[in-house]
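work14.cif (mmCIF, C-alpha atoms and all ligand atoms) appears below.
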data_my_file
loop_
_atom_site.label_atom_id
_atom_site.label_comp_id
_atom_site.auth_asym_id
_atom_site.auth_seq_id
_atom_site.Cartn_x
_atom_site.Cartn_y
_atom_site.Cartn_z
CA MET A 1 -45.13 21.16 23.56
CA THR A 2 -43.99 18.74 20.89
CA ARG A 3 -46.11 15.58 20.90
CA VAL A 4 -44.23 12.35 20.30
CA THR A 5 -45.60 8.86 19.69
CA VAL A 6 -43.05 6.10 20.32
CA TRP A 7 -43.99 2.99 18.31
CA SER A 8 -42.54 -0.49 18.76
CA GLU A 9 -43.62 -3.96 17.78
CA HIS A 10 -43.04 -5.17 21.39
CA ARG A 11 -42.64 -8.84 20.56
CA GLN A 12 -39.14 -10.03 21.49
CA GLU A 13 -39.37 -8.42 24.95
CA ARG A 14 -42.30 -10.80 25.59
CA SER A 15 -40.86 -13.94 23.97
CA ASP A 16 -37.08 -13.81 24.56
CA PRO A 17 -35.76 -13.68 28.14
CA ALA A 18 -32.47 -12.16 26.95
CA VAL A 19 -34.37 -9.20 25.53
CA ALA A 20 -36.74 -8.95 28.49
CA ALA A 21 -33.71 -8.74 30.78
CA VAL A 22 -32.53 -5.59 29.00
CA TYR A 23 -35.94 -4.01 28.33
CA PRO A 24 -38.42 -5.46 30.85
CA ASP A 25 -41.07 -2.84 30.02
CA GLY A 26 -40.35 -2.87 26.29
CA ILE A 27 -37.96 -0.97 24.06
CA HIS A 28 -40.64 1.67 23.54
CA ALA A 29 -40.75 2.34 27.30
CA ALA A 30 -37.01 3.03 27.40
CA ILE A 31 -37.17 5.35 24.40
CA ALA A 32 -40.25 7.09 25.81
CA ALA A 33 -38.57 7.59 29.20
CA GLY A 34 -35.64 9.35 27.57
CA LEU A 35 -37.95 11.65 25.62
CA ALA A 36 -40.12 12.38 28.67
CA ASP A 37 -36.95 13.34 30.58
CA ALA A 38 -36.15 15.72 27.72
CA GLY A 39 -39.50 17.45 28.26
CA PHE A 40 -41.61 16.09 25.42
CA ASP A 41 -45.28 15.08 25.57
CA VAL A 42 -44.83 11.35 24.96
CA ARG A 43 -47.19 8.45 24.33
CA THR A 44 -46.43 4.91 23.18
CA ALA A 45 -48.10 2.60 20.66
CA THR A 46 -47.43 -1.05 19.83
CA LEU A 47 -48.19 -3.56 17.10
CA ASP A 48 -50.77 -5.65 18.95
CA GLU A 49 -53.00 -2.73 19.91
CA PRO A 50 -56.05 -2.06 17.69
CA GLU A 51 -54.84 -0.30 14.53
CA HIS A 52 -51.32 -0.88 15.95
CA GLY A 53 -52.07 2.03 18.30
CA LEU A 54 -51.95 4.39 15.33
CA SER A 55 -55.53 5.53 14.83
CA ASP A 56 -56.29 8.63 12.79
CA GLY A 57 -56.78 10.48 16.06
CA VAL A 58 -53.41 9.42 17.47
CA LEU A 59 -51.58 10.36 14.28
CA ALA A 60 -53.40 13.69 14.07
CA ALA A 61 -52.14 14.41 17.59
CA THR A 62 -48.55 13.34 16.79
CA ASP A 63 -45.88 15.81 15.73
CA VAL A 64 -43.10 13.20 15.61
CA LEU A 65 -43.40 9.41 15.38
CA THR A 66 -40.49 7.12 16.30
CA TRP A 67 -40.44 3.59 14.85
CA TRP A 68 -38.71 0.43 16.13
CA GLY A 69 -39.49 -2.93 14.54
CA HIS A 70 -37.57 -6.11 13.83
CA VAL A 71 -39.27 -9.53 13.60
CA ALA A 72 -42.81 -8.48 12.65
CA HIS A 73 -42.48 -5.93 9.86
CA ALA A 74 -44.74 -8.06 7.65
CA GLU A 75 -47.53 -7.93 10.24
CA VAL A 76 -47.91 -4.17 9.96
CA ASP A 77 -51.15 -3.57 8.09
CA ASP A 78 -50.69 -1.88 4.73
CA ALA A 79 -53.61 0.45 5.47
CA ILE A 80 -51.77 1.72 8.55
CA VAL A 81 -48.59 2.16 6.48
CA ASP A 82 -50.63 4.23 4.02
CA ARG A 83 -51.92 6.34 6.90
CA VAL A 84 -48.47 6.94 8.39
CA GLN A 85 -47.02 7.78 4.98
CA GLN A 86 -49.76 10.34 4.37
CA ARG A 87 -49.11 11.98 7.76
CA VAL A 88 -45.40 12.19 6.94
CA LEU A 89 -46.18 13.79 3.58
CA ASP A 90 -48.45 16.23 5.44
CA GLY A 91 -45.63 17.22 7.77
CA MET A 92 -45.27 14.73 10.65
CA GLY A 93 -41.68 13.96 11.61
CA LEU A 94 -40.56 10.31 11.48
CA ILE A 95 -37.55 8.85 13.29
CA VAL A 96 -36.72 5.31 12.16
CA LEU A 97 -34.55 3.37 14.59
CA HIS A 98 -32.13 0.47 14.08
CA SER A 99 -33.87 -2.57 12.50
CA GLY A 100 -36.69 -0.27 11.46
CA HIS A 101 -34.59 0.07 8.29
CA HIS A 102 -36.57 -2.91 6.96
CA SER A 103 -39.99 -1.61 8.03
CA LYS A 104 -42.64 -1.19 5.38
CA ILE A 105 -42.90 2.54 6.08
CA PHE A 106 -39.16 3.21 5.73
CA ARG A 107 -38.76 1.14 2.55
CA ARG A 108 -41.76 2.84 1.01
CA LEU A 109 -40.51 6.32 1.87
CA MET A 110 -37.01 5.50 0.58
CA GLY A 111 -38.11 3.57 -2.51
CA THR A 112 -35.20 1.12 -2.05
CA SER A 113 -34.58 -2.21 -0.30
CA ALA A 114 -32.77 -0.56 2.64
CA ASP A 115 -30.64 -3.74 2.79
CA LEU A 116 -27.35 -3.68 4.70
CA HIS A 117 -24.70 -6.00 6.13
CA TRP A 118 -25.04 -7.04 9.79
CA ARG A 119 -23.35 -9.18 12.41
CA GLU A 120 -24.47 -9.88 15.96
CA ALA A 121 -21.21 -10.03 17.89
CA GLY A 122 -21.49 -7.37 20.59
CA GLU A 123 -18.86 -5.19 18.97
CA ARG A 124 -17.60 -1.79 19.97
CA GLU A 125 -19.12 1.03 17.90
CA ARG A 126 -17.83 4.57 17.61
CA ILE A 127 -20.28 7.08 16.17
CA TRP A 128 -18.58 10.07 14.56
CA VAL A 129 -20.36 13.41 14.25
CA ILE A 130 -19.54 14.58 10.75
CA ASP A 131 -21.97 17.53 10.47
CA ARG A 132 -21.30 19.46 13.66
CA SER A 133 -23.55 22.40 12.70
CA HIS A 134 -26.63 20.20 12.33
CA PRO A 135 -29.24 20.49 15.13
CA ILE A 136 -29.12 16.71 15.65
CA ALA A 137 -25.45 17.08 16.65
CA ASP A 138 -26.22 19.61 19.37
CA GLY A 139 -24.39 18.78 22.59
CA LEU A 140 -22.48 15.84 21.15
CA GLY A 141 -18.72 15.83 21.01
CA GLU A 142 -16.68 14.75 18.02
CA SER A 143 -17.71 11.16 18.65
CA PHE A 144 -19.19 8.81 21.23
CA VAL A 145 -18.81 5.09 21.90
CA ILE A 146 -21.28 2.27 22.45
CA ASP A 147 -19.36 -0.57 24.09
CA GLU A 148 -21.40 -3.44 22.63
CA GLU A 149 -23.73 -3.29 19.64
CA GLU A 150 -24.79 -5.26 16.61
CA MET A 151 -22.76 -4.26 13.55
CA TYR A 152 -24.46 -2.69 10.55
CA GLY A 153 -22.22 -2.18 7.53
CA GLU A 154 -22.23 -0.59 4.11
CA PRO A 155 -23.44 -0.80 1.48
CA PHE A 156 -26.71 0.51 2.92
CA ASP A 157 -29.25 0.55 0.07
CA VAL A 158 -30.88 3.92 0.63
CA PRO A 159 -30.95 7.12 -1.43
CA ALA A 160 -28.15 9.56 -0.70
CA PRO A 161 -29.28 11.40 2.45
CA ASP A 162 -30.19 15.10 2.23
CA GLN A 163 -27.92 15.54 5.25
CA LEU A 164 -25.59 12.93 6.71
CA VAL A 165 -24.94 13.74 10.37
CA LEU A 166 -23.39 10.58 11.84
CA ILE A 167 -21.13 7.77 10.64
CA SER A 168 -20.38 4.60 12.63
CA TRP A 169 -17.16 2.66 12.82
CA PHE A 170 -17.12 -0.91 14.18
CA GLU A 171 -14.22 -2.86 15.58
CA GLY A 172 -14.68 -5.44 12.83
CA GLY A 173 -13.68 -2.75 10.32
CA GLU A 174 -17.04 -1.81 8.79
CA VAL A 175 -18.43 1.70 8.53
CA PHE A 176 -22.07 2.78 8.20
CA ARG A 177 -24.12 5.92 7.58
CA SER A 178 -25.76 6.02 11.01
CA GLY A 179 -27.58 9.33 11.02
CA CYS A 180 -29.38 10.13 7.76
CA CYS A 181 -31.85 12.97 7.12
CA TYR A 182 -34.45 13.01 4.35
CA SER A 183 -37.48 15.05 3.43
CA ARG A 184 -40.59 13.64 1.78
CA GLY A 185 -43.43 16.04 1.01
CA ARG A 186 -43.66 18.39 4.01
CA GLY A 187 -42.28 15.76 6.39
CA ARG A 188 -38.79 15.25 7.68
CA ILE A 189 -37.32 11.80 8.30
CA PHE A 190 -34.29 10.77 10.36
CA TYR A 191 -32.78 7.28 10.34
CA PHE A 192 -30.65 6.49 13.43
CA ARG A 193 -28.76 3.19 13.48
CA PRO A 194 -28.08 1.91 17.05
CA GLY A 195 -30.55 0.00 19.17
CA HIS A 196 -30.21 -3.78 18.97
CA GLU A 197 -32.64 -5.44 21.38
CA THR A 198 -30.06 -7.34 23.46
CA HIS A 199 -27.97 -4.25 24.31
CA PRO A 200 -29.03 -1.41 26.66
CA THR A 201 -28.37 1.21 23.98
CA TYR A 202 -31.50 3.28 24.57
CA VAL A 203 -30.51 4.20 28.11
CA GLN A 204 -27.17 5.70 27.00
CA PRO A 205 -27.15 9.49 27.42
CA ALA A 206 -25.57 10.24 24.03
CA VAL A 207 -28.07 7.99 22.24
CA ARG A 208 -30.95 9.63 24.09
CA ARG A 209 -29.50 13.02 23.18
CA VAL A 210 -29.48 12.18 19.47
CA ILE A 211 -33.09 11.02 19.56
CA SER A 212 -34.30 14.07 21.51
CA ASN A 213 -32.35 16.40 19.22
CA ALA A 214 -33.97 14.70 16.24
CA VAL A 215 -37.43 15.16 17.76
CA HIS A 216 -36.66 18.87 18.19
ZN ZN B 301 -30.60 -5.54 15.69
#
Could you render the structure from this file as structure tokens?
Ligand code: ZN
Amino acid sequence: MTRVTVWSEHRQERSDPAVAAVYPDGIHAAIAAGLADAGFDVRTATLDEPEHGLSDGVLAATDVLTWWGHVAHAEVDDAIVDRVQQRVLDGMGLIVLHSGHHSKIFRRLMGTSADLHWREAGERERIWVIDRSHPIADGLGESFVIDEEEMYGEPFDVPAPDQLVLISWFEGGEVFRSGCCYSRGRGRIFYFRPGHETHPTYVQPAVRRVISNAVH
């Protein structure tokens, strides 16, 4: 059975009532619940645990790591970033979610700023499946809608993806490369855009489907 570690910084859920109202047990708990429902062997890890919950033993027992961070990227220890990077190069899968675009591990693996445009206005987002043969698109239709999300817009400062599976459209007019696949060493990386902390995005079936397909 595929072993997944769901990592999150778990800060805003404890400091901001608006976030706690959406994710009372933490964003990681919602992501982990979706993956457990999909049949994976799931554990969670968070920033304030010793070694951020990512000891050598945990990483050695992880086939796929998912990463959500936002306000505390700078607090992630560089030695742990080194360790995660090495595991990716050795073949661990990495799924970087939403504001994880600015995490140390994603920027290091991309080699770019990963900057983008953003706007917190609870806008409608339509995610278009543009590579319908890709395994991450399995079971999705031509598109799906998230009623309220933060906008992320191009230009997104990342290398051209090896495969681009999803593109988002926002009601404000922007578009964004929302589902990007990369390989680094023997590891495969997937960046998936949605998941702002004040919206219940990670309980949506289509969003959970994308993440579980990516773990597969
Ligand atoms: Zn956000």
Q) Separation of CA of Gly195 (chain A) and CA of Leu97 (chain A), in Å? A)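 Between CA of Gly195 (chain A) and CA of Leu97 (chain A) the gap is 7.0 Å.
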Show me the residues close to (-42.2, 4.0, 15.4) - anything with an atom within 9 Å, counting all atoms listed in the file - and format the list as a PyMOL selection string. chain A and resi 5-9+28+44-46+65-69+94-97+100
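Straight-line separation from CA of Arg188 (chain A) to CA of Asp90 (chain A): 10.0 Å.
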task: For Val158 (chain A), list every protein, DNA or RNA residue within 7 Å, evaluated using only C-alpha atoms, and leave out those in the same chain fewer than 4 positions away; present the list as an MDAnalysis selection string.
output: chainID A and resid 110 112 114
| task | List the residues sitting within 12 Å of (-30.8, 12.7, 21.2) in the file's frame, using all atoms listed in the file, as JSON, numbers by chain. | result | {"A": [31, 32, 34, 35, 36, 37, 38, 95, 135, 136, 137, 138, 139, 140, 179, 190, 192, 194, 202, 203, 204, 205, 206, 207, 208, 209, 210, 211, 212, 213, 214, 215, 216]}
message: With only C-alpha atoms as the counted atoms, please give the residues lying no more than 9 Å from Asp77 (chain A), apart from itself and same-chain residues fewer than 4 positions off, as a VMD selection string.
response: chain A and resid 51 to 52 81 to 82
A straight line from CA of Thr201 (chain A) to CA of Gly172 (chain A) spans 18.9 Å
Using only C-alpha atoms and all ligand atoms, which residues of the polymer chains come no farther than 10 Å from ligand ZN 301 (chain B)? I'd like the answer as a ChimeraX atom specification. /A:69-71,97-100,118-120,149-152,193-199
Contacts of Arg83 (chain A) at 12 Å (only C-alpha atoms; same-chain gap of 3+ positions) as a PyMOL selection string: chain A and resi 51-52+54-60+76-80+86-90+92+105
| said: Neighbouring residues of Val175 (chain A) were defined as those with any atom within 7 Å, considering all atoms listed in the file; residues of the same chain fewer than 4 positions away were excluded. Please report them as a list in words. | reply: Gly153, Glu154, Ile167, Ser168, Trp169 and Phe170 of chain A
Any chance you can output those residues with C-alpha atoms as a PDB file, keeping the file's coordinate frame?
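The resulting file, part_37.pdb, is reproduced below:
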ATOM      1  CA  GLY A 153     -22.220  -2.180   7.530  1.00  0.00           C
ATOM      2  CA  GLU A 154     -22.230  -0.590   4.110  1.00  0.00           C
ATOM      3  CA  ILE A 167     -21.130   7.770  10.640  1.00  0.00           C
ATOM      4  CA  SER A 168     -20.380   4.600  12.630  1.00  0.00           C
ATOM      5  CA  TRP A 169     -17.160   2.660  12.820  1.00  0.00           C
ATOM      6  CA  PHE A 170     -17.120  -0.910  14.180  1.00  0.00           C
TER       7      PHE A 170
END
- Query: Taking all atoms listed in the file into account, which of A:Ile27, A:Leu116, A:Ala18, A:Leu109 comes nearest Phe156 (chain A)?
  - Reply: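 Of the candidates, the smallest distance to Phe156 (chain A) is held by A:Leu116.
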Shortest contact to Asp48 (chain A), candidates A:Val64, A:Arg14, A:Ala33, A:Glu148, atoms counted all atoms listed in the file, goes to A:Arg14
Long-range neighbours of region 2-4 of chain A as a list in words, 6 Å cut-off, only C-alpha atoms, 6 positions minimum in chain: Phe40, Asp41, Val42, Thr62, Asp63, Val64 and Leu65 of chain A
Using all atoms listed in the file, the residue out of A:Lys104, A:Glu174, A:Gly93, A:Pro200 with shortest distance to His117 (chain A) is A:Glu174
